[in-house]
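Data block below; observations after.
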Amino acid sequence: MAIVAAGSIGAGLLGSLTGLGGGIIVIPLLTLALGVDIRYAIGASLVSVIATSSGAAAAYVREGFVNIRIGMFLEVATVSGALLGAFAAAYIPASAIAVVFGLVLLYSAYVGIRGYGADNPVVAPDNLATRLRMNGAYPSAGGVRLYNVRSVVPGMGLMAFAGILSGLLGIGSGALKVIAMDRIMKIPFKVSTTTSNFMIGVTAAAGAGVYLNRGYVDPVVDLPVMLGVLAGSLVGSRILTKARTGALRVIFAIVIALVGMEMMYKGLSGRF
Amino acid sequence: MTDKRLELLIGATLRIGVIAAAVLAAVGGGFLLFSGVPSKPDFGRFLGEPAYLTTVAGIFRSAFSGNARGIIQLGLVVLISVPIVRVAVSLAAFAFRKDWLYSAVTAVVLALLVVSLATGR
């Protein structure tokens, strides 16, 4: 139980810093290190995602990092994508998709490392984003910084794709959410990761009823996961406020490279 | 209501939900330690959960009858409901501001959530 709690603190810490769910730590910790059945681990991963999201987002929203409008708008795309993906799961070879997803993540990690250090420059305001009042401001070391948002429609497209993947593969899709906001919509990195953090809880909650009914959610397994992840995400949200964007980008790139390799391995070994 | 107020409201919703969930789970965990975990549970085999821990009604019943696992499970259900409640609170706040565009957007998200929970995806 202590091992699970300690690992979960790490998961919450990493999840709150990168905008991902923390399943990448919780699932291998439970299944590989402790021999817990994968179905209990999936339930625990869901709990971890919601705990990271709610725990850290409480701070991120209050401090003005999260762009609530962008979050709400893109949730339409991810949640409907997730519904579609779960429906399509019966007809689509998930292993092939996992390999493609893995390649996308590895490429994104490479691009992220190469362009490391810099945050997105302020872009010219986009017509649609302006009409949707998405342009915002966020706190930084040099005071409040304004930013504009671009390419709302392509961004939403990638979000829907992220949702489909999460429905299809049963994984959180925080990585693609961050990439869509950071790379396509040109939103500042910290706003991208915190807004992703804000959104992943909703995508996860959409699937929660099923896992609860199937008996994947065990109180004894999930108690240390939940408390550990909450503690980790509180610490992580303190760190992110002060952290340099360049450092956060490196952490993000390393984590998505690991997720990408895991996806390719699982896809190629036919474990989906 | 300004954007800042909206942020404070949503932040408070998340915070209260998370604290409630953590307190319930910790109390249930305390009960579990006191009653003594019968034997080292084996999670290597998937047995699923007893029926009283897989439905919201059953979880409420067992929690209020003082069952330790039921109380922890209730904490987990509260946690799972936090993002859903957050969307509902946002909808109320956007409607209060007469921000119909974002009220509609939020209503769609809430409807999709309800559909996915009701149909089991």
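Letters A, B, ... mark the chains of the structure tokens in the order given; residue numbers begin at 1 per chain; ligand numbers begin at 1, in order shown.
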
Mind the document's chain letters and residue numbers, and return as an NGL selection string the residues of chain B that DSSP labels alpha helix (DSSP H).
-> :B and (3-35 or 56-64 or 68-96 or 100-118)

Identify all chain B residues at most 8 Å from chain A by counting only C-alpha atoms; ligands do not count. Present them as a PyMOL selection string.
-> chain B and resi 4+7-8+10-15+18+22+25-26+29+43-46+48-50+53-55+69-70+72-73+76+79-84+102+105-106+108-109+112-114+116-117+120-121

Could you tell me how far CA of Gly21 (chain A) lies from CA of Ser173 (chain A), in Å and to one decimal?
->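 CA of Ser173 (chain A) lies at a distance of 8.1 Å from CA of Gly21 (chain A).
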
Among listed residues B:Val56, B:Leu9, B:Thr2, B:Val23, nearest Val85 (chain B) (using only C-alpha atoms) =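 Using only C-alpha atoms, the shortest distance to Val85 (chain B) belongs to B:Leu9.
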
Please measure the separation of CA of Thr245 (chain A) and CA of Arg145 (chain A), giving the value in Å to one decimal.
-> 13.7 Å

With only C-alpha atoms as the counted atoms, please give the residues lying no more than 12 Å from Asp99 (chain B), apart from itself and same-chain residues fewer than 2 positions off, as a PDB file with all heavy atoms, in the first residue's frame.
```pdb
ATOM      1  N   ARG A  69     -12.786  28.863 -21.487  1.00  0.00           N
ATOM      2  CA  ARG A  69     -13.558  28.855 -22.741  1.00  0.00           C
ATOM      3  C   ARG A  69     -13.002  27.836 -23.717  1.00  0.00           C
ATOM      4  O   ARG A  69     -13.739  27.060 -24.311  1.00  0.00           O
ATOM      5  CB  ARG A  69     -13.546  30.246 -23.375  1.00  0.00           C
ATOM      6  CG  ARG A  69     -14.390  31.236 -22.609  1.00  0.00           C
ATOM      7  CD  ARG A  69     -14.928  32.319 -23.519  1.00  0.00           C
ATOM      8  NE  ARG A  69     -15.779  33.218 -22.757  1.00  0.00           N
ATOM      9  CZ  ARG A  69     -15.310  34.217 -22.033  1.00  0.00           C
ATOM     10  NH1 ARG A  69     -14.020  34.464 -22.008  1.00  0.00           N
ATOM     11  NH2 ARG A  69     -16.130  34.973 -21.344  1.00  0.00           N
ATOM     12  N   LEU A 132     -15.069  33.917 -30.653  1.00  0.00           N
ATOM     13  CA  LEU A 132     -15.393  32.986 -29.563  1.00  0.00           C
ATOM     14  C   LEU A 132     -14.794  33.454 -28.237  1.00  0.00           C
ATOM     15  O   LEU A 132     -14.876  32.764 -27.229  1.00  0.00           O
ATOM     16  CB  LEU A 132     -14.882  31.580 -29.900  1.00  0.00           C
ATOM     17  CG  LEU A 132     -15.563  30.908 -31.093  1.00  0.00           C
ATOM     18  CD1 LEU A 132     -14.836  29.632 -31.491  1.00  0.00           C
ATOM     19  CD2 LEU A 132     -17.016  30.597 -30.775  1.00  0.00           C
ATOM     20  N   ARG A 133     -14.161  34.602 -28.241  1.00  0.00           N
ATOM     21  CA  ARG A 133     -13.530  35.213 -27.051  1.00  0.00           C
ATOM     22  C   ARG A 133     -12.575  34.242 -26.364  1.00  0.00           C
ATOM     23  O   ARG A 133     -12.611  34.070 -25.148  1.00  0.00           O
ATOM     24  CB  ARG A 133     -14.622  35.700 -26.078  1.00  0.00           C
ATOM     25  CG  ARG A 133     -15.260  37.006 -26.547  1.00  0.00           C
ATOM     26  CD  ARG A 133     -16.487  37.330 -25.748  1.00  0.00           C
ATOM     27  NE  ARG A 133     -17.587  36.473 -26.133  1.00  0.00           N
ATOM     28  CZ  ARG A 133     -18.438  35.912 -25.293  1.00  0.00           C
ATOM     29  NH1 ARG A 133     -18.315  36.111 -24.010  1.00  0.00           N
ATOM     30  NH2 ARG A 133     -19.407  35.145 -25.734  1.00  0.00           N
TER      31      ARG A 133
ATOM     32  N   MET B   1     -21.309  38.552 -13.385  1.00  0.00           N
ATOM     33  CA  MET B   1     -20.160  37.742 -12.954  1.00  0.00           C
ATOM     34  C   MET B   1     -19.000  37.912 -13.937  1.00  0.00           C
ATOM     35  O   MET B   1     -19.156  37.684 -15.131  1.00  0.00           O
ATOM     36  CB  MET B   1     -20.576  36.261 -12.881  1.00  0.00           C
ATOM     37  CG  MET B   1     -19.605  35.427 -12.094  1.00  0.00           C
ATOM     38  SD  MET B   1     -19.946  33.675 -12.217  1.00  0.00           S
ATOM     39  CE  MET B   1     -21.595  33.584 -11.553  1.00  0.00           C
ATOM     40  N   THR B   2     -17.854  38.313 -13.424  1.00  0.00           N
ATOM     41  CA  THR B   2     -16.696  38.498 -14.299  1.00  0.00           C
ATOM     42  C   THR B   2     -16.009  37.153 -14.541  1.00  0.00           C
ATOM     43  O   THR B   2     -16.335  36.161 -13.899  1.00  0.00           O
ATOM     44  CB  THR B   2     -15.671  39.428 -13.626  1.00  0.00           C
ATOM     45  OG1 THR B   2     -15.276  38.825 -12.395  1.00  0.00           O
ATOM     46  CG2 THR B   2     -16.264  40.799 -13.339  1.00  0.00           C
ATOM     47  N   ASP B   3     -15.039  37.146 -15.463  1.00  0.00           N
ATOM     48  CA  ASP B   3     -14.277  35.926 -15.724  1.00  0.00           C
ATOM     49  C   ASP B   3     -13.561  35.465 -14.460  1.00  0.00           C
ATOM     50  O   ASP B   3     -13.451  34.287 -14.191  1.00  0.00           O
ATOM     51  CB  ASP B   3     -13.241  36.179 -16.832  1.00  0.00           C
ATOM     52  CG  ASP B   3     -13.837  35.893 -18.194  1.00  0.00           C
ATOM     53  OD1 ASP B   3     -15.091  35.804 -18.274  1.00  0.00           O
ATOM     54  OD2 ASP B   3     -13.081  35.766 -19.163  1.00  0.00           O
ATOM     55  N   SER B  90     -20.487  25.165 -14.328  1.00  0.00           N
ATOM     56  CA  SER B  90     -20.109  26.099 -15.395  1.00  0.00           C
ATOM     57  C   SER B  90     -21.332  26.488 -16.222  1.00  0.00           C
ATOM     58  O   SER B  90     -21.497  27.654 -16.593  1.00  0.00           O
ATOM     59  CB  SER B  90     -19.078  25.487 -16.340  1.00  0.00           C
ATOM     60  OG  SER B  90     -18.091  24.790 -15.641  1.00  0.00           O
ATOM     61  N   LEU B  91     -22.186  25.498 -16.495  1.00  0.00           N
ATOM     62  CA  LEU B  91     -23.397  25.773 -17.275  1.00  0.00           C
ATOM     63  C   LEU B  91     -24.256  26.800 -16.550  1.00  0.00           C
ATOM     64  O   LEU B  91     -24.703  27.794 -17.147  1.00  0.00           O
ATOM     65  CB  LEU B  91     -24.178  24.470 -17.499  1.00  0.00           C
ATOM     66  CG  LEU B  91     -25.552  24.611 -18.159  1.00  0.00           C
ATOM     67  CD1 LEU B  91     -25.433  25.275 -19.525  1.00  0.00           C
ATOM     68  CD2 LEU B  91     -26.221  23.254 -18.306  1.00  0.00           C
ATOM     69  N   ALA B  92     -24.457  26.592 -15.242  1.00  0.00           N
ATOM     70  CA  ALA B  92     -25.264  27.536 -14.461  1.00  0.00           C
ATOM     71  C   ALA B  92     -24.638  28.922 -14.492  1.00  0.00           C
ATOM     72  O   ALA B  92     -25.337  29.932 -14.661  1.00  0.00           O
ATOM     73  CB  ALA B  92     -25.400  27.034 -13.029  1.00  0.00           C
ATOM     74  N   ALA B  93     -23.297  28.975 -14.384  1.00  0.00           N
ATOM     75  CA  ALA B  93     -22.617  30.272 -14.345  1.00  0.00           C
ATOM     76  C   ALA B  93     -22.712  30.995 -15.689  1.00  0.00           C
ATOM     77  O   ALA B  93     -22.984  32.198 -15.747  1.00  0.00           O
ATOM     78  CB  ALA B  93     -21.155  30.078 -13.952  1.00  0.00           C
ATOM     79  N   PHE B  94     -22.517  30.257 -16.798  1.00  0.00           N
ATOM     80  CA  PHE B  94     -22.627  30.889 -18.115  1.00  0.00           C
ATOM     81  C   PHE B  94     -24.064  31.371 -18.356  1.00  0.00           C
ATOM     82  O   PHE B  94     -24.281  32.444 -18.926  1.00  0.00           O
ATOM     83  CB  PHE B  94     -22.208  29.919 -19.223  1.00  0.00           C
ATOM     84  CG  PHE B  94     -20.719  29.768 -19.365  1.00  0.00           C
ATOM     85  CD1 PHE B  94     -20.120  28.511 -19.325  1.00  0.00           C
ATOM     86  CD2 PHE B  94     -19.901  30.883 -19.546  1.00  0.00           C
ATOM     87  CE1 PHE B  94     -18.746  28.367 -19.459  1.00  0.00           C
ATOM     88  CE2 PHE B  94     -18.528  30.746 -19.679  1.00  0.00           C
ATOM     89  CZ  PHE B  94     -17.945  29.488 -19.626  1.00  0.00           C
ATOM     90  N   ALA B  95     -25.044  30.584 -17.909  1.00  0.00           N
ATOM     91  CA  ALA B  95     -26.451  30.980 -18.085  1.00  0.00           C
ATOM     92  C   ALA B  95     -26.753  32.220 -17.253  1.00  0.00           C
ATOM     93  O   ALA B  95     -27.434  33.144 -17.711  1.00  0.00           O
ATOM     94  CB  ALA B  95     -27.373  29.829 -17.696  1.00  0.00           C
ATOM     95  N   PHE B  96     -26.215  32.261 -16.038  1.00  0.00           N
ATOM     96  CA  PHE B  96     -26.411  33.410 -15.154  1.00  0.00           C
ATOM     97  C   PHE B  96     -25.874  34.684 -15.807  1.00  0.00           C
ATOM     98  O   PHE B  96     -26.436  35.763 -15.684  1.00  0.00           O
ATOM     99  CB  PHE B  96     -25.708  33.143 -13.818  1.00  0.00           C
ATOM    100  CG  PHE B  96     -25.810  34.260 -12.830  1.00  0.00           C
ATOM    101  CD1 PHE B  96     -26.987  34.482 -12.124  1.00  0.00           C
ATOM    102  CD2 PHE B  96     -24.725  35.107 -12.605  1.00  0.00           C
ATOM    103  CE1 PHE B  96     -27.084  35.520 -11.215  1.00  0.00           C
ATOM    104  CE2 PHE B  96     -24.813  36.153 -11.691  1.00  0.00           C
ATOM    105  CZ  PHE B  96     -26.007  36.352 -10.998  1.00  0.00           C
ATOM    106  N   ARG B  97     -24.751  34.527 -16.538  1.00  0.00           N
ATOM    107  CA  ARG B  97     -24.149  35.685 -17.220  1.00  0.00           C
ATOM    108  C   ARG B  97     -24.832  35.999 -18.534  1.00  0.00           C
ATOM    109  O   ARG B  97     -24.405  36.885 -19.251  1.00  0.00           O
ATOM    110  CB  ARG B  97     -22.671  35.390 -17.512  1.00  0.00           C
ATOM    111  CG  ARG B  97     -21.831  35.370 -16.281  1.00  0.00           C
ATOM    112  CD  ARG B  97     -20.489  34.723 -16.535  1.00  0.00           C
ATOM    113  NE  ARG B  97     -19.824  35.229 -17.737  1.00  0.00           N
ATOM    114  CZ  ARG B  97     -18.514  35.336 -17.858  1.00  0.00           C
ATOM    115  NH1 ARG B  97     -17.745  34.986 -16.866  1.00  0.00           N
ATOM    116  NH2 ARG B  97     -17.980  35.765 -18.966  1.00  0.00           N
ATOM    117  N   LEU B 101     -23.817  31.638 -25.954  1.00  0.00           N
ATOM    118  CA  LEU B 101     -22.912  30.807 -26.769  1.00  0.00           C
ATOM    119  C   LEU B 101     -22.257  29.732 -25.896  1.00  0.00           C
ATOM    120  O   LEU B 101     -22.336  28.535 -26.176  1.00  0.00           O
ATOM    121  CB  LEU B 101     -21.836  31.679 -27.428  1.00  0.00           C
ATOM    122  CG  LEU B 101     -20.726  30.902 -28.132  1.00  0.00           C
ATOM    123  CD1 LEU B 101     -21.291  30.101 -29.299  1.00  0.00           C
ATOM    124  CD2 LEU B 101     -19.632  31.840 -28.622  1.00  0.00           C
ATOM    125  N   TYR B 102     -21.642  30.168 -24.781  1.00  0.00           N
ATOM    126  CA  TYR B 102     -20.945  29.201 -23.947  1.00  0.00           C
ATOM    127  C   TYR B 102     -21.898  28.373 -23.090  1.00  0.00           C
ATOM    128  O   TYR B 102     -21.569  27.255 -22.699  1.00  0.00           O
ATOM    129  CB  TYR B 102     -19.834  29.876 -23.137  1.00  0.00           C
ATOM    130  CG  TYR B 102     -18.601  30.010 -23.994  1.00  0.00           C
ATOM    131  CD1 TYR B 102     -18.381  31.145 -24.772  1.00  0.00           C
ATOM    132  CD2 TYR B 102     -17.717  28.952 -24.116  1.00  0.00           C
ATOM    133  CE1 TYR B 102     -17.290  31.228 -25.620  1.00  0.00           C
ATOM    134  CE2 TYR B 102     -16.633  29.025 -24.957  1.00  0.00           C
ATOM    135  CZ  TYR B 102     -16.421  30.164 -25.705  1.00  0.00           C
ATOM    136  OH  TYR B 102     -15.355  30.226 -26.556  1.00  0.00           O
ATOM    137  N   SER B 103     -23.107  28.904 -22.824  1.00  0.00           N
ATOM    138  CA  SER B 103     -24.116  28.062 -22.170  1.00  0.00           C
ATOM    139  C   SER B 103     -24.434  26.877 -23.064  1.00  0.00           C
ATOM    140  O   SER B 103     -24.520  25.728 -22.603  1.00  0.00           O
ATOM    141  CB  SER B 103     -25.401  28.850 -21.916  1.00  0.00           C
ATOM    142  OG  SER B 103     -25.158  29.900 -21.023  1.00  0.00           O
ATOM    143  N   ALA B 104     -24.594  27.149 -24.365  1.00  0.00           N
ATOM    144  CA  ALA B 104     -24.933  26.084 -25.308  1.00  0.00           C
ATOM    145  C   ALA B 104     -23.787  25.072 -25.395  1.00  0.00           C
ATOM    146  O   ALA B 104     -24.007  23.858 -25.341  1.00  0.00           O
ATOM    147  CB  ALA B 104     -25.235  26.679 -26.686  1.00  0.00           C
ATOM    148  N   VAL B 105     -22.551  25.585 -25.503  1.00  0.00           N
ATOM    149  CA  VAL B 105     -21.387  24.702 -25.599  1.00  0.00           C
ATOM    150  C   VAL B 105     -21.329  23.782 -24.370  1.00  0.00           C
ATOM    151  O   VAL B 105     -21.159  22.563 -24.488  1.00  0.00           O
ATOM    152  CB  VAL B 105     -20.086  25.543 -25.693  1.00  0.00           C
ATOM    153  CG1 VAL B 105     -18.853  24.667 -25.489  1.00  0.00           C
ATOM    154  CG2 VAL B 105     -20.020  26.267 -27.032  1.00  0.00           C
ATOM    155  N   THR B 106     -21.506  24.388 -23.182  1.00  0.00           N
ATOM    156  CA  THR B 106     -21.416  23.621 -21.944  1.00  0.00           C
ATOM    157  C   THR B 106     -22.566  22.626 -21.826  1.00  0.00           C
ATOM    158  O   THR B 106     -22.384  21.496 -21.350  1.00  0.00           O
ATOM    159  CB  THR B 106     -21.403  24.579 -20.739  1.00  0.00           C
ATOM    160  OG1 THR B 106     -20.462  25.619 -21.006  1.00  0.00           O
ATOM    161  CG2 THR B 106     -20.994  23.881 -19.468  1.00  0.00           C
TER     162      THR B 106
END
```

Could you give me, as a PyMOL selection string, the residues within 10 Å of Val104 (chain A), counting only C-alpha atoms and dropping anything in the same chain fewer than 3 positions from it?
-> chain A and resi 98-101+107-110+176+256-257+260

So what do you get for CA of Gly75 (chain B) versus CA of Ala51 (chain B), distance-wise?
->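 CA of Gly75 (chain B) sits 17.1 Å away from CA of Ala51 (chain B).
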